[in-house]
Structures are given as structure tokens and as C-alpha cells.
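Note sheet for the following structure.
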2 protein chains.
Amino acid sequence: MKNTYRIGEVATRTGCSPESIRHYEKLGLLPPAKRSEQGYRHYDQAALARIGFIRHGRSLGLDLHSIQELLALSDHPDTDCGAADDIATRHLQHLEARIAKLQALAAELRQVVQQCRGGKTADCQIIQTLYDHTLACSEHGCG
Amino acid sequence: MKNTYRIGEVATRTGCSPESIRHYEKLGLLPPAKRSEQGYRHYDQAALARIGFIRHGRSLGLDLHSIQELLALSDHPDTDCGAADDIATRHLQHLEARIAKLQALAAELRQVVQQCRGGKTADCQIIQTLYDHTLACSEHGCG
DNA sequence: GCTTGACCCTGTAACGATTACAGGGTTTAG
DNA sequence: CTAAACCCTGTAATCGTTACAGGGTCAAGC
């Protein structure tokens, strides 16, 4: 059981590329890593946990700014939890809005695809629909 | 009824910013616009229709590369319609996959948010869950 | 005539998160 | 001793859009 890891091993353990880890450090989500005499970054378990935190947040679709806010809250255990709840709830609403929009898009695209009866491009209903604004934009206010 | 429009008027008519129009031209989705003596771009009805095509494709979530392919097909009316169908179908599948992923994310995030009971950050379940990989990653293979 | 504001032009950089280099040094295994 | 695999920094690419900077053109109003 090693107590420190170089960036490559951290990458394999966390599923986070070395480039991303360095990027997080540059952005301030990670504190400057300790360096060996040759300048190699070394990470301990706490750093691994922090990178895992970031990765998990990213896998939930949180942006790095939100994750940074959550990390800042985590670094100050005495602050109120409501701020964290706000960030997560805000993101959840953002997600739900995006899902709704994508579903509307998919429904419209499904309709467009179904209109295709084969044949030549000149008669293709997919292309015709894209040219004709009034058809596909009628159901939801696009543009 | 004018027969040509300057870029600003095209922008208001199509809902596409002048910057984007110039960008589409640089990328080759639009042919080089005719210029006035002073170098101002001028557009006719056909160009307006083409920009509308692009905008509509974008509003459906198509990327500019796919739109360029569709425009190329549209420019060659004798080609087979199947290629257009492929592009649209491929994008639809892409959309559906993204929706499914976002829904899984939202479900997980909803669960995380519900665990928050208020209080101090030190006890916040939102932050704890982000630190703890095993909890939230169990349901779908994240990472 | 002269200024003000609204246009237009080009080229470049920013956004967010990641990836891919180039160009160089270090470690490790054969 | 050498080749592969690793590490470093810094820069540029990706995607589509927006925002500049720095300059030219044209209309209306004084």
C-alpha cells in the first residue's frame, strides 16, 4: 500500500486523464501537487478522493465551476448545507430542461425521418422540411 | 420587395447573427456572397433559404458538418435520398442516447438532492455522496 | 460641412472541457 | 546501453457562437 502516487497511476485509479488532472490543478480545483526532486507530481489519498469527487461530479454532468463551489463548501465544514443543495437543485432543473428540449427535438426529427419515402434527393422530404420553416417550427417556437 | 439584402437585414429575417452567417461562409456552408462596390455582402432569396435551412438544422440539434452534408445532397438533386435519411437517423439515435443518459443522470441527481437534510456542510449527504464513489455509481456504470 | 450613430469589413480571442501535440527530461526493463 | 514508458511545460486543436479591436461607409440631424 503506497502512500503516494504519480500522476499516471492516479489517472488509472480515478479514470481521469493526466491532462485533466493538471488542468484541474491549473484551474484551482486541486491544490498545487507536491513535487518530487525531479518535478514529478505526487498525490496522496486525500488528493485521490478530491479527484474522485470531481470525476463523480462531472459524471453527473456538473460543470467544473459548480464542482469548484461544492469543493469550497466541502473545505469549510461549518458553512450551511443549503448552498450545496442550491447548486445540485439548480443543476437538476437545468438537466430537466435540457431533457425536455432534446425530447421535443427527437420527436420532431422522428417525424422528419418518417416522411422520407426514398427516391431522389430532389423529392426528399427530409431536405424539403429543412428548407421549409413553417412545417416543423409550428409545434414549438423554434427560432 | 427588395431582391437583395445586406447581412444585417438577413440576420433579423433569419434569426441568425451576422457573425454566424460569415462563419458559415468561411466554413463553406454558404457560397461566397456577392459584394457591393464597398465590399458589403449582399444576399438574394436563395441565400436566405439556404441560411434558413442551416438554422433549422441547428434548431434540430444537427451539427454543422451534418448540415453541410445535407446541403451537398440538396445541391445534387439526382443523388439518392438514402444518404439524407442516414444522416437524420444517425442524429436521431445520437439524440436518443443522449436523452437516456441525461435521464439517468437526473434520476441519480434527484436521489442525491433528496438525501440533503440541511444542517452543516460537514454532514451534507450531497457532498458525501460525491466523495463516495460506490454509492452513486452502483446503478449505472459510471466512469 | 461636420458630427453622430448605425451599419459593414477583417482578423483574433474568448467561452468549457478535453485532447493532442511539440520538445525536452527521467525512469525502468531488457 | 538503449528503447519504451513515463513525466514536464506550453500551445493549439475541437465545436458553434459571441465579443472584441481597428478601420471603412453611409444615412440623418445640426
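Every chain in the C-alpha cells takes a letter, A first, then B, and so on in the order presented; its residues are numbered from 1, and the ligands are numbered from 1 following the presented order.
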Would you list the contacts of Ala88 in chain A as an MDAnalysis selection string, taking every protein, DNA or RNA residue within 9 Å and counting only C-alpha atoms (C1' of nucleotides), but skipping same-chain residues closer than 6 positions in sequence? (chainID A and resid 62 66) or (chainID B and resid 109:110 112:113 126)
Onto chain A, please fit chain B by least squares using all C-alpha atoms in order, then return the transformed chain as a CSV table (one decimal) with N, CA and C atoms, in the first residue's frame.
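Output file part_24.csv is given in full below:
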```
chain,number,residue,atom,x,y,z
B,1,MET,N,0.9,-1.1,0.2
B,1,MET,CA,0.1,0.1,0.2
B,1,MET,C,0.9,1.3,0.2
B,2,LYS,N,1.1,1.9,-1.0
B,2,LYS,CA,1.9,3.1,-1.1
B,2,LYS,C,1.1,4.3,-0.5
B,3,ASN,N,1.9,5.3,-0.1
B,3,ASN,CA,1.2,6.4,0.4
B,3,ASN,C,1.2,7.6,-0.5
B,4,THR,N,2.0,7.6,-1.6
B,4,THR,CA,1.9,8.6,-2.6
B,4,THR,C,1.9,7.9,-4.0
B,5,TYR,N,1.3,8.6,-5.0
B,5,TYR,CA,1.3,8.1,-6.3
B,5,TYR,C,1.7,9.2,-7.3
B,6,ARG,N,2.3,8.7,-8.4
B,6,ARG,CA,2.6,9.7,-9.5
B,6,ARG,C,1.3,9.8,-10.3
B,7,ILE,N,1.3,10.8,-11.2
B,7,ILE,CA,0.1,11.3,-11.9
B,7,ILE,C,-0.5,10.1,-12.7
B,8,GLY,N,0.4,9.3,-13.3
B,8,GLY,CA,0.0,8.3,-14.2
B,8,GLY,C,-0.8,7.2,-13.4
B,9,GLU,N,-0.3,6.9,-12.2
B,9,GLU,CA,-1.1,5.9,-11.4
B,9,GLU,C,-2.4,6.5,-10.9
B,10,VAL,N,-2.4,7.7,-10.6
B,10,VAL,CA,-3.6,8.4,-10.2
B,10,VAL,C,-4.6,8.3,-11.3
B,11,ALA,N,-4.1,8.5,-12.5
B,11,ALA,CA,-5.0,8.5,-13.7
B,11,ALA,C,-5.7,7.1,-13.8
B,12,THR,N,-4.9,6.1,-13.7
B,12,THR,CA,-5.5,4.7,-13.9
B,12,THR,C,-6.5,4.4,-12.7
B,13,ARG,N,-6.1,4.9,-11.5
B,13,ARG,CA,-7.0,4.7,-10.4
B,13,ARG,C,-8.3,5.5,-10.4
B,14,THR,N,-8.2,6.7,-10.9
B,14,THR,CA,-9.4,7.5,-10.9
B,14,THR,C,-10.2,7.6,-12.2
B,15,GLY,N,-9.6,7.0,-13.3
B,15,GLY,CA,-10.2,7.1,-14.6
B,15,GLY,C,-10.2,8.6,-15.1
B,16,CYS,N,-9.2,9.3,-14.6
B,16,CYS,CA,-9.1,10.7,-15.0
B,16,CYS,C,-7.7,10.9,-15.6
B,17,SER,N,-7.7,11.4,-16.9
B,17,SER,CA,-6.4,11.5,-17.6
B,17,SER,C,-5.4,12.4,-16.9
B,18,PRO,N,-4.1,12.2,-17.0
B,18,PRO,CA,-3.1,13.1,-16.5
B,18,PRO,C,-3.4,14.6,-16.9
B,19,GLU,N,-3.7,14.7,-18.2
B,19,GLU,CA,-4.0,16.1,-18.7
B,19,GLU,C,-5.1,16.7,-17.9
B,20,SER,N,-6.2,16.0,-17.6
B,20,SER,CA,-7.3,16.6,-16.9
B,20,SER,C,-6.8,16.9,-15.5
B,21,ILE,N,-6.1,16.1,-14.9
B,21,ILE,CA,-5.6,16.3,-13.5
B,21,ILE,C,-4.8,17.6,-13.4
B,22,ARG,N,-3.9,17.7,-14.4
B,22,ARG,CA,-3.1,19.0,-14.4
B,22,ARG,C,-4.0,20.2,-14.7
B,23,HIS,N,-5.0,19.9,-15.6
B,23,HIS,CA,-5.9,21.0,-15.9
B,23,HIS,C,-6.7,21.4,-14.6
B,24,TYR,N,-7.2,20.5,-13.8
B,24,TYR,CA,-7.9,20.8,-12.6
B,24,TYR,C,-7.0,21.6,-11.6
B,25,GLU,N,-5.7,21.2,-11.6
B,25,GLU,CA,-4.8,22.0,-10.7
B,25,GLU,C,-4.6,23.4,-11.2
B,26,LYS,N,-4.5,23.6,-12.5
B,26,LYS,CA,-4.3,24.9,-13.1
B,26,LYS,C,-5.5,25.8,-12.8
B,27,LEU,N,-6.7,25.2,-12.8
B,27,LEU,CA,-8.0,25.9,-12.6
B,27,LEU,C,-8.2,26.1,-11.1
B,28,GLY,N,-7.5,25.4,-10.2
B,28,GLY,CA,-7.6,25.7,-8.8
B,28,GLY,C,-8.6,24.7,-8.1
B,29,LEU,N,-9.1,23.7,-8.8
B,29,LEU,CA,-9.9,22.7,-8.2
B,29,LEU,C,-9.1,21.8,-7.3
B,30,LEU,N,-7.8,21.6,-7.7
B,30,LEU,CA,-6.9,20.9,-6.9
B,30,LEU,C,-5.8,21.8,-6.4
B,31,PRO,N,-5.3,21.6,-5.1
B,31,PRO,CA,-4.2,22.5,-4.7
B,31,PRO,C,-2.9,22.0,-5.4
B,32,PRO,N,-2.0,22.9,-5.6
B,32,PRO,CA,-0.7,22.5,-6.2
B,32,PRO,C,-0.1,21.3,-5.6
B,33,ALA,N,0.1,20.3,-6.5
B,33,ALA,CA,0.6,19.0,-6.0
B,33,ALA,C,2.0,19.1,-5.4
B,34,LYS,N,2.3,18.2,-4.4
B,34,LYS,CA,3.7,18.1,-4.0
B,34,LYS,C,4.5,17.6,-5.1
B,35,ARG,N,5.8,18.0,-5.1
B,35,ARG,CA,6.7,17.6,-6.2
B,35,ARG,C,7.9,16.8,-5.6
B,36,SER,N,8.3,15.8,-6.4
B,36,SER,CA,9.5,15.1,-6.1
B,36,SER,C,10.7,16.0,-6.5
B,37,GLU,N,11.9,15.5,-6.2
B,37,GLU,CA,13.1,16.3,-6.5
B,37,GLU,C,13.2,16.6,-8.0
B,38,GLN,N,12.6,15.7,-8.8
B,38,GLN,CA,12.7,15.9,-10.3
B,38,GLN,C,11.5,16.7,-10.8
B,39,GLY,N,10.7,17.1,-9.9
B,39,GLY,CA,9.6,17.9,-10.3
B,39,GLY,C,8.3,17.1,-10.6
B,40,TYR,N,8.3,15.8,-10.4
B,40,TYR,CA,7.1,15.0,-10.6
B,40,TYR,C,6.1,15.2,-9.6
B,41,ARG,N,4.8,15.3,-10.0
B,41,ARG,CA,3.7,15.5,-9.0
B,41,ARG,C,3.5,14.2,-8.2
B,42,HIS,N,3.2,14.3,-6.9
B,42,HIS,CA,2.9,13.2,-6.1
B,42,HIS,C,1.6,13.5,-5.4
B,43,TYR,N,0.8,12.4,-5.3
B,43,TYR,CA,-0.6,12.6,-4.7
B,43,TYR,C,-0.8,11.6,-3.6
B,44,ASP,N,-1.5,12.1,-2.5
B,44,ASP,CA,-1.8,11.2,-1.4
B,44,ASP,C,-3.3,10.8,-1.5
B,45,GLN,N,-3.8,10.0,-0.5
B,45,GLN,CA,-5.1,9.5,-0.5
B,45,GLN,C,-6.1,10.7,-0.6
B,46,ALA,N,-5.9,11.8,0.2
B,46,ALA,CA,-6.8,12.9,0.2
B,46,ALA,C,-7.0,13.5,-1.2
B,47,ALA,N,-5.8,13.6,-1.9
B,47,ALA,CA,-5.9,14.1,-3.3
B,47,ALA,C,-6.7,13.2,-4.2
B,48,LEU,N,-6.5,11.9,-4.0
B,48,LEU,CA,-7.2,10.9,-4.8
B,48,LEU,C,-8.7,11.1,-4.6
B,49,ALA,N,-9.1,11.3,-3.3
B,49,ALA,CA,-10.5,11.4,-3.0
B,49,ALA,C,-11.1,12.7,-3.7
B,50,ARG,N,-10.2,13.7,-3.7
B,50,ARG,CA,-10.7,15.0,-4.3
B,50,ARG,C,-10.9,14.8,-5.8
B,51,ILE,N,-10.0,14.1,-6.4
B,51,ILE,CA,-10.1,13.9,-7.8
B,51,ILE,C,-11.3,13.0,-8.1
B,52,GLY,N,-11.5,12.0,-7.3
B,52,GLY,CA,-12.7,11.2,-7.4
B,52,GLY,C,-14.0,12.0,-7.3
B,53,PHE,N,-14.0,13.0,-6.4
B,53,PHE,CA,-15.1,13.9,-6.2
B,53,PHE,C,-15.4,14.7,-7.5
B,54,ILE,N,-14.3,15.2,-8.1
B,54,ILE,CA,-14.5,15.9,-9.3
B,54,ILE,C,-15.0,15.0,-10.4
B,55,ARG,N,-14.4,13.8,-10.6
B,55,ARG,CA,-14.9,12.9,-11.6
B,55,ARG,C,-16.3,12.5,-11.4
B,56,HIS,N,-16.7,12.3,-10.2
B,56,HIS,CA,-18.1,11.9,-10.0
B,56,HIS,C,-19.0,13.0,-10.3
B,57,GLY,N,-18.6,14.2,-9.9
B,57,GLY,CA,-19.4,15.4,-10.3
B,57,GLY,C,-19.6,15.5,-11.8
B,58,ARG,N,-18.4,15.4,-12.5
B,58,ARG,CA,-18.5,15.4,-14.0
B,58,ARG,C,-19.4,14.4,-14.6
B,59,SER,N,-19.3,13.1,-14.0
B,59,SER,CA,-20.1,12.1,-14.5
B,59,SER,C,-21.6,12.4,-14.3
B,60,LEU,N,-21.9,13.2,-13.3
B,60,LEU,CA,-23.3,13.7,-13.1
B,60,LEU,C,-23.6,14.9,-14.0
B,61,GLY,N,-22.7,15.3,-14.8
B,61,GLY,CA,-22.9,16.4,-15.7
B,61,GLY,C,-22.7,17.8,-15.1
B,62,LEU,N,-22.2,17.8,-13.9
B,62,LEU,CA,-21.9,19.1,-13.3
B,62,LEU,C,-20.7,19.8,-14.0
B,63,ASP,N,-20.8,21.1,-14.2
B,63,ASP,CA,-19.6,21.8,-14.8
B,63,ASP,C,-18.6,22.0,-13.8
B,64,LEU,N,-17.4,22.3,-14.2
B,64,LEU,CA,-16.2,22.4,-13.3
B,64,LEU,C,-16.5,23.6,-12.3
B,65,HIS,N,-17.1,24.6,-12.7
B,65,HIS,CA,-17.4,25.7,-11.9
B,65,HIS,C,-18.3,25.3,-10.7
B,66,SER,N,-19.3,24.6,-11.0
B,66,SER,CA,-20.2,24.1,-9.9
B,66,SER,C,-19.4,23.1,-9.0
B,67,ILE,N,-18.6,22.3,-9.6
B,67,ILE,CA,-17.8,21.4,-8.7
B,67,ILE,C,-16.9,22.1,-7.8
B,68,GLN,N,-16.3,23.2,-8.4
B,68,GLN,CA,-15.4,24.0,-7.6
B,68,GLN,C,-16.1,24.6,-6.4
B,69,GLU,N,-17.4,25.1,-6.7
B,69,GLU,CA,-18.2,25.6,-5.6
B,69,GLU,C,-18.4,24.6,-4.5
B,70,LEU,N,-18.8,23.4,-5.0
B,70,LEU,CA,-19.1,22.3,-4.0
B,70,LEU,C,-17.8,21.9,-3.2
B,71,LEU,N,-16.7,21.9,-3.9
B,71,LEU,CA,-15.4,21.6,-3.2
B,71,LEU,C,-15.1,22.7,-2.1
B,72,ALA,N,-15.4,24.0,-2.5
B,72,ALA,CA,-15.1,25.0,-1.5
B,72,ALA,C,-16.0,24.9,-0.3
B,73,LEU,N,-17.3,24.5,-0.5
B,73,LEU,CA,-18.2,24.2,0.6
B,73,LEU,C,-17.6,23.1,1.4
B,74,SER,N,-17.2,22.0,0.7
B,74,SER,CA,-16.6,20.9,1.4
B,74,SER,C,-15.4,21.2,2.3
B,75,ASP,N,-14.7,22.2,1.8
B,75,ASP,CA,-13.5,22.6,2.5
B,75,ASP,C,-13.8,23.5,3.8
B,76,HIS,N,-15.1,23.9,3.8
B,76,HIS,CA,-15.5,24.7,5.0
B,76,HIS,C,-16.7,24.0,5.6
B,77,PRO,N,-16.4,23.0,6.5
B,77,PRO,CA,-17.5,22.1,7.0
B,77,PRO,C,-18.5,22.9,7.8
B,78,ASP,N,-18.2,24.1,8.3
B,78,ASP,CA,-19.2,24.8,9.1
B,78,ASP,C,-20.2,25.6,8.4
B,79,THR,N,-20.0,25.8,7.1
B,79,THR,CA,-21.0,26.5,6.3
B,79,THR,C,-22.3,25.8,6.2
B,80,ASP,N,-23.3,26.5,5.8
B,80,ASP,CA,-24.6,25.9,5.7
B,80,ASP,C,-24.7,25.0,4.4
B,81,CYS,N,-25.4,23.9,4.6
B,81,CYS,CA,-25.6,22.9,3.5
B,81,CYS,C,-26.5,23.4,2.4
B,82,GLY,N,-27.3,24.4,2.7
B,82,GLY,CA,-28.2,24.9,1.7
B,82,GLY,C,-27.6,25.3,0.4
B,83,ALA,N,-26.4,25.8,0.5
B,83,ALA,CA,-25.7,26.3,-0.8
B,83,ALA,C,-25.4,25.1,-1.7
B,84,ALA,N,-25.0,23.9,-1.1
B,84,ALA,CA,-24.8,22.7,-1.9
B,84,ALA,C,-26.1,22.3,-2.5
B,85,ASP,N,-27.1,22.3,-1.7
B,85,ASP,CA,-28.4,21.9,-2.2
B,85,ASP,C,-28.9,22.8,-3.4
B,86,ASP,N,-28.6,24.1,-3.3
B,86,ASP,CA,-28.9,25.0,-4.4
B,86,ASP,C,-28.2,24.6,-5.6
B,87,ILE,N,-26.9,24.3,-5.5
B,87,ILE,CA,-26.1,24.0,-6.7
B,87,ILE,C,-26.7,22.8,-7.4
B,88,ALA,N,-26.9,21.7,-6.6
B,88,ALA,CA,-27.4,20.5,-7.1
B,88,ALA,C,-28.8,20.6,-7.7
B,89,THR,N,-29.7,21.4,-7.0
B,89,THR,CA,-31.0,21.6,-7.5
B,89,THR,C,-31.0,22.4,-8.8
B,90,ARG,N,-30.2,23.4,-8.8
B,90,ARG,CA,-30.1,24.2,-10.0
B,90,ARG,C,-29.7,23.4,-11.2
B,91,HIS,N,-28.7,22.5,-11.0
B,91,HIS,CA,-28.2,21.7,-12.1
B,91,HIS,C,-29.3,20.7,-12.5
B,92,LEU,N,-30.0,20.2,-11.5
B,92,LEU,CA,-31.1,19.2,-11.8
B,92,LEU,C,-32.2,19.9,-12.7
B,93,GLN,N,-32.5,21.1,-12.4
B,93,GLN,CA,-33.5,21.8,-13.2
B,93,GLN,C,-32.9,22.0,-14.6
B,94,HIS,N,-31.7,22.4,-14.7
B,94,HIS,CA,-31.0,22.6,-16.0
B,94,HIS,C,-31.1,21.3,-16.8
B,95,LEU,N,-30.8,20.2,-16.1
B,95,LEU,CA,-30.8,18.9,-16.8
B,95,LEU,C,-32.2,18.6,-17.3
B,96,GLU,N,-33.2,18.8,-16.5
B,96,GLU,CA,-34.6,18.5,-16.9
B,96,GLU,C,-35.1,19.3,-18.0
B,97,ALA,N,-34.6,20.6,-18.0
B,97,ALA,CA,-35.0,21.5,-19.2
B,97,ALA,C,-34.3,21.0,-20.5
B,98,ARG,N,-33.1,20.5,-20.3
B,98,ARG,CA,-32.4,20.0,-21.5
B,98,ARG,C,-33.0,18.8,-22.0
B,99,ILE,N,-33.4,17.9,-21.1
B,99,ILE,CA,-34.1,16.7,-21.5
B,99,ILE,C,-35.3,17.0,-22.3
B,100,ALA,N,-36.1,17.9,-21.7
B,100,ALA,CA,-37.4,18.2,-22.4
B,100,ALA,C,-37.2,18.8,-23.8
B,101,LYS,N,-36.1,19.6,-23.9
B,101,LYS,CA,-35.8,20.2,-25.2
B,101,LYS,C,-35.4,19.1,-26.2
B,102,LEU,N,-34.5,18.2,-25.7
B,102,LEU,CA,-34.0,17.1,-26.6
B,102,LEU,C,-35.2,16.2,-27.0
B,103,GLN,N,-36.1,16.0,-26.1
B,103,GLN,CA,-37.2,15.1,-26.4
B,103,GLN,C,-38.1,15.7,-27.5
B,104,ALA,N,-38.3,17.0,-27.4
B,104,ALA,CA,-39.1,17.7,-28.4
B,104,ALA,C,-38.4,17.6,-29.8
B,105,LEU,N,-37.0,17.8,-29.7
B,105,LEU,CA,-36.2,17.7,-30.9
B,105,LEU,C,-36.4,16.3,-31.6
B,106,ALA,N,-36.2,15.3,-30.7
B,106,ALA,CA,-36.3,13.9,-31.2
B,106,ALA,C,-37.6,13.6,-31.8
B,107,ALA,N,-38.7,14.1,-31.2
B,107,ALA,CA,-40.0,13.9,-31.7
B,107,ALA,C,-40.2,14.5,-33.1
B,108,GLU,N,-39.6,15.7,-33.2
B,108,GLU,CA,-39.8,16.4,-34.5
B,108,GLU,C,-38.9,15.7,-35.5
B,109,LEU,N,-37.7,15.3,-35.2
B,109,LEU,CA,-36.8,14.7,-36.1
B,109,LEU,C,-37.4,13.3,-36.5
B,110,ARG,N,-38.1,12.6,-35.6
B,110,ARG,CA,-38.7,11.3,-35.9
B,110,ARG,C,-39.7,11.5,-37.0
B,111,GLN,N,-40.5,12.6,-36.8
B,111,GLN,CA,-41.5,12.9,-37.8
B,111,GLN,C,-40.9,13.2,-39.2
B,112,VAL,N,-39.8,14.0,-39.2
B,112,VAL,CA,-39.1,14.3,-40.4
B,112,VAL,C,-38.6,13.0,-41.1
B,113,VAL,N,-38.0,12.1,-40.3
B,113,VAL,CA,-37.5,10.9,-40.9
B,113,VAL,C,-38.6,10.1,-41.5
B,114,GLN,N,-39.7,10.0,-40.8
B,114,GLN,CA,-40.8,9.2,-41.3
B,114,GLN,C,-41.3,9.6,-42.7
B,115,GLN,N,-41.1,10.9,-42.9
B,115,GLN,CA,-41.7,11.4,-44.2
B,115,GLN,C,-40.9,11.0,-45.4
B,116,CYS,N,-39.7,10.4,-45.2
B,116,CYS,CA,-38.8,10.0,-46.3
B,116,CYS,C,-39.4,8.8,-46.9
B,117,ARG,N,-39.6,8.9,-48.2
B,117,ARG,CA,-40.2,7.7,-49.0
B,117,ARG,C,-39.1,7.2,-49.9
B,118,GLY,N,-37.9,7.6,-49.8
B,118,GLY,CA,-36.9,7.2,-50.7
B,118,GLY,C,-37.0,8.0,-52.0
B,119,GLY,N,-36.2,7.5,-53.0
B,119,GLY,CA,-36.2,8.2,-54.3
B,119,GLY,C,-35.1,9.2,-54.4
B,120,LYS,N,-35.3,10.2,-55.2
B,120,LYS,CA,-34.2,11.2,-55.4
B,120,LYS,C,-34.3,12.3,-54.4
B,121,THR,N,-33.1,12.9,-54.2
B,121,THR,CA,-33.0,14.0,-53.3
B,121,THR,C,-33.9,15.2,-53.6
B,122,ALA,N,-34.2,15.4,-54.9
B,122,ALA,CA,-35.1,16.5,-55.3
B,122,ALA,C,-36.4,16.4,-54.6
B,123,ASP,N,-36.9,15.2,-54.4
B,123,ASP,CA,-38.2,15.0,-53.8
B,123,ASP,C,-38.1,14.6,-52.3
B,124,CYS,N,-36.9,14.7,-51.7
B,124,CYS,CA,-36.8,14.2,-50.4
B,124,CYS,C,-37.5,15.1,-49.4
B,125,GLN,N,-38.3,14.5,-48.6
B,125,GLN,CA,-39.1,15.3,-47.6
B,125,GLN,C,-38.3,15.8,-46.5
B,126,ILE,N,-37.2,15.0,-46.2
B,126,ILE,CA,-36.3,15.5,-45.1
B,126,ILE,C,-35.7,16.9,-45.5
B,127,ILE,N,-35.2,16.9,-46.7
B,127,ILE,CA,-34.6,18.2,-47.1
B,127,ILE,C,-35.6,19.3,-47.3
B,128,GLN,N,-36.8,18.9,-47.9
B,128,GLN,CA,-37.8,19.9,-48.0
B,128,GLN,C,-38.2,20.4,-46.7
B,129,THR,N,-38.4,19.6,-45.7
B,129,THR,CA,-38.8,20.1,-44.4
B,129,THR,C,-37.8,21.0,-43.8
B,130,LEU,N,-36.5,20.8,-44.0
B,130,LEU,CA,-35.5,21.7,-43.5
B,130,LEU,C,-35.6,23.0,-44.2
B,131,TYR,N,-35.9,23.0,-45.5
B,131,TYR,CA,-36.0,24.3,-46.2
B,131,TYR,C,-37.3,25.0,-45.7
B,132,ASP,N,-38.3,24.3,-45.4
B,132,ASP,CA,-39.6,24.9,-45.1
B,132,ASP,C,-39.7,25.1,-43.6
B,133,HIS,N,-39.6,26.4,-43.2
B,133,HIS,CA,-39.7,26.7,-41.8
B,133,HIS,C,-41.0,26.4,-41.2
B,134,THR,N,-42.0,26.8,-41.9
B,134,THR,CA,-43.4,26.8,-41.4
B,134,THR,C,-43.8,25.4,-40.9
B,135,LEU,N,-43.4,24.4,-41.6
B,135,LEU,CA,-43.8,23.0,-41.2
B,135,LEU,C,-43.4,22.6,-39.8
B,136,ALA,N,-42.1,22.5,-39.6
B,136,ALA,CA,-41.6,21.9,-38.4
B,136,ALA,C,-41.5,22.8,-37.3
B,137,CYS,N,-41.6,24.1,-37.5
B,137,CYS,CA,-41.5,25.1,-36.4
B,137,CYS,C,-42.8,25.4,-35.8
B,138,SER,N,-43.9,24.8,-36.3
B,138,SER,CA,-45.2,25.2,-35.9
B,138,SER,C,-45.5,24.6,-34.5
B,139,GLU,N,-44.9,23.5,-34.2
B,139,GLU,CA,-45.3,22.8,-32.9
B,139,GLU,C,-44.7,23.5,-31.7
B,140,HIS,N,-43.4,23.8,-31.8
B,140,HIS,CA,-42.8,24.5,-30.7
B,140,HIS,C,-42.0,25.7,-31.2
B,141,GLY,N,-42.0,26.8,-30.4
B,141,GLY,CA,-41.4,28.0,-30.9
B,141,GLY,C,-39.9,27.9,-31.2
B,142,CYS,N,-39.6,27.4,-32.3
B,142,CYS,CA,-38.1,27.3,-32.6
B,142,CYS,C,-37.7,28.6,-33.4
B,143,GLY,N,-36.5,29.0,-33.0
B,143,GLY,CA,-36.0,30.2,-33.6
B,143,GLY,C,-36.5,31.3,-32.8
```
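Of all the residues in range 10-134 of chain A, the ones DSSP labels as strand (DSSP E) from the backbone are A:Lys34, A:Arg35, A:Arg41, A:His42, A:Tyr43.
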Sorted per-residue table, chain D near chain B, closest atoms and distance, 12 Å, only C-alpha atoms (C1' of nucleotides), as JSON lines:
```
{"residue": "D:DC15", "atom": "C1'", "partner": "B:Asp63", "partner_atom": "CA", "distance": 8.5}
{"residue": "D:DG16", "atom": "C1'", "partner": "B:Leu64", "partner_atom": "CA", "distance": 8.3}
{"residue": "D:DT17", "atom": "C1'", "partner": "B:Ser20", "partner_atom": "CA", "distance": 7.1}
{"residue": "D:DT18", "atom": "C1'", "partner": "B:Glu19", "partner_atom": "CA", "distance": 8.1}
{"residue": "D:DA19", "atom": "C1'", "partner": "B:Glu19", "partner_atom": "CA", "distance": 10.1}
{"residue": "D:DG24", "atom": "C1'", "partner": "B:Gln38", "partner_atom": "CA", "distance": 8.8}
{"residue": "D:DT25", "atom": "C1'", "partner": "B:Gln38", "partner_atom": "CA", "distance": 7.5}
{"residue": "D:DC26", "atom": "C1'", "partner": "B:Gln38", "partner_atom": "CA", "distance": 10.6}
```
One number please: C1' of DC2 in chain C to C1' of DG23 in chain D, in Å, one decimal. 19.5 Å
Near DT27 in chain C, within 10 Å and counting only C-alpha atoms (C1' of nucleotides), which residues show up once chain neighbours fewer than 5 positions away are dropped, as a PyMOL selection string? chain D and resi 5-7
Between C:DA6, C:DT19, C:DG1, C:DA14, which residue has the minimum interatomic distance to chain B, considering only C-alpha atoms (C1' of nucleotides)?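 Comparing C:DA6, C:DT19, C:DG1, C:DA14 against chain B, the winner is C:DA6.
We find C1' of DT2 in chain D and C1' of DA22 in chain C to be spaced 22.8 Å apart.
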Enumerate as a PyMOL selection string the residues belonging to chain C that approach chain B to within 12 Å, with only C-alpha atoms (C1' of nucleotides) taken into account. chain C and resi 6-10
In chain B, DSSP helix (DSSP H, G or I) residues written as a PyMOL selection string: chain B and resi 7-14+18-27+45-59+64-75+82-114+121-123+125-131+133-136
Gap from C1' of DT28 in chain C to C1' of DT9 in chain D - Å, one decimal: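 C1' of DT9 in chain D lies at a distance of 22.9 Å from C1' of DT28 in chain C.
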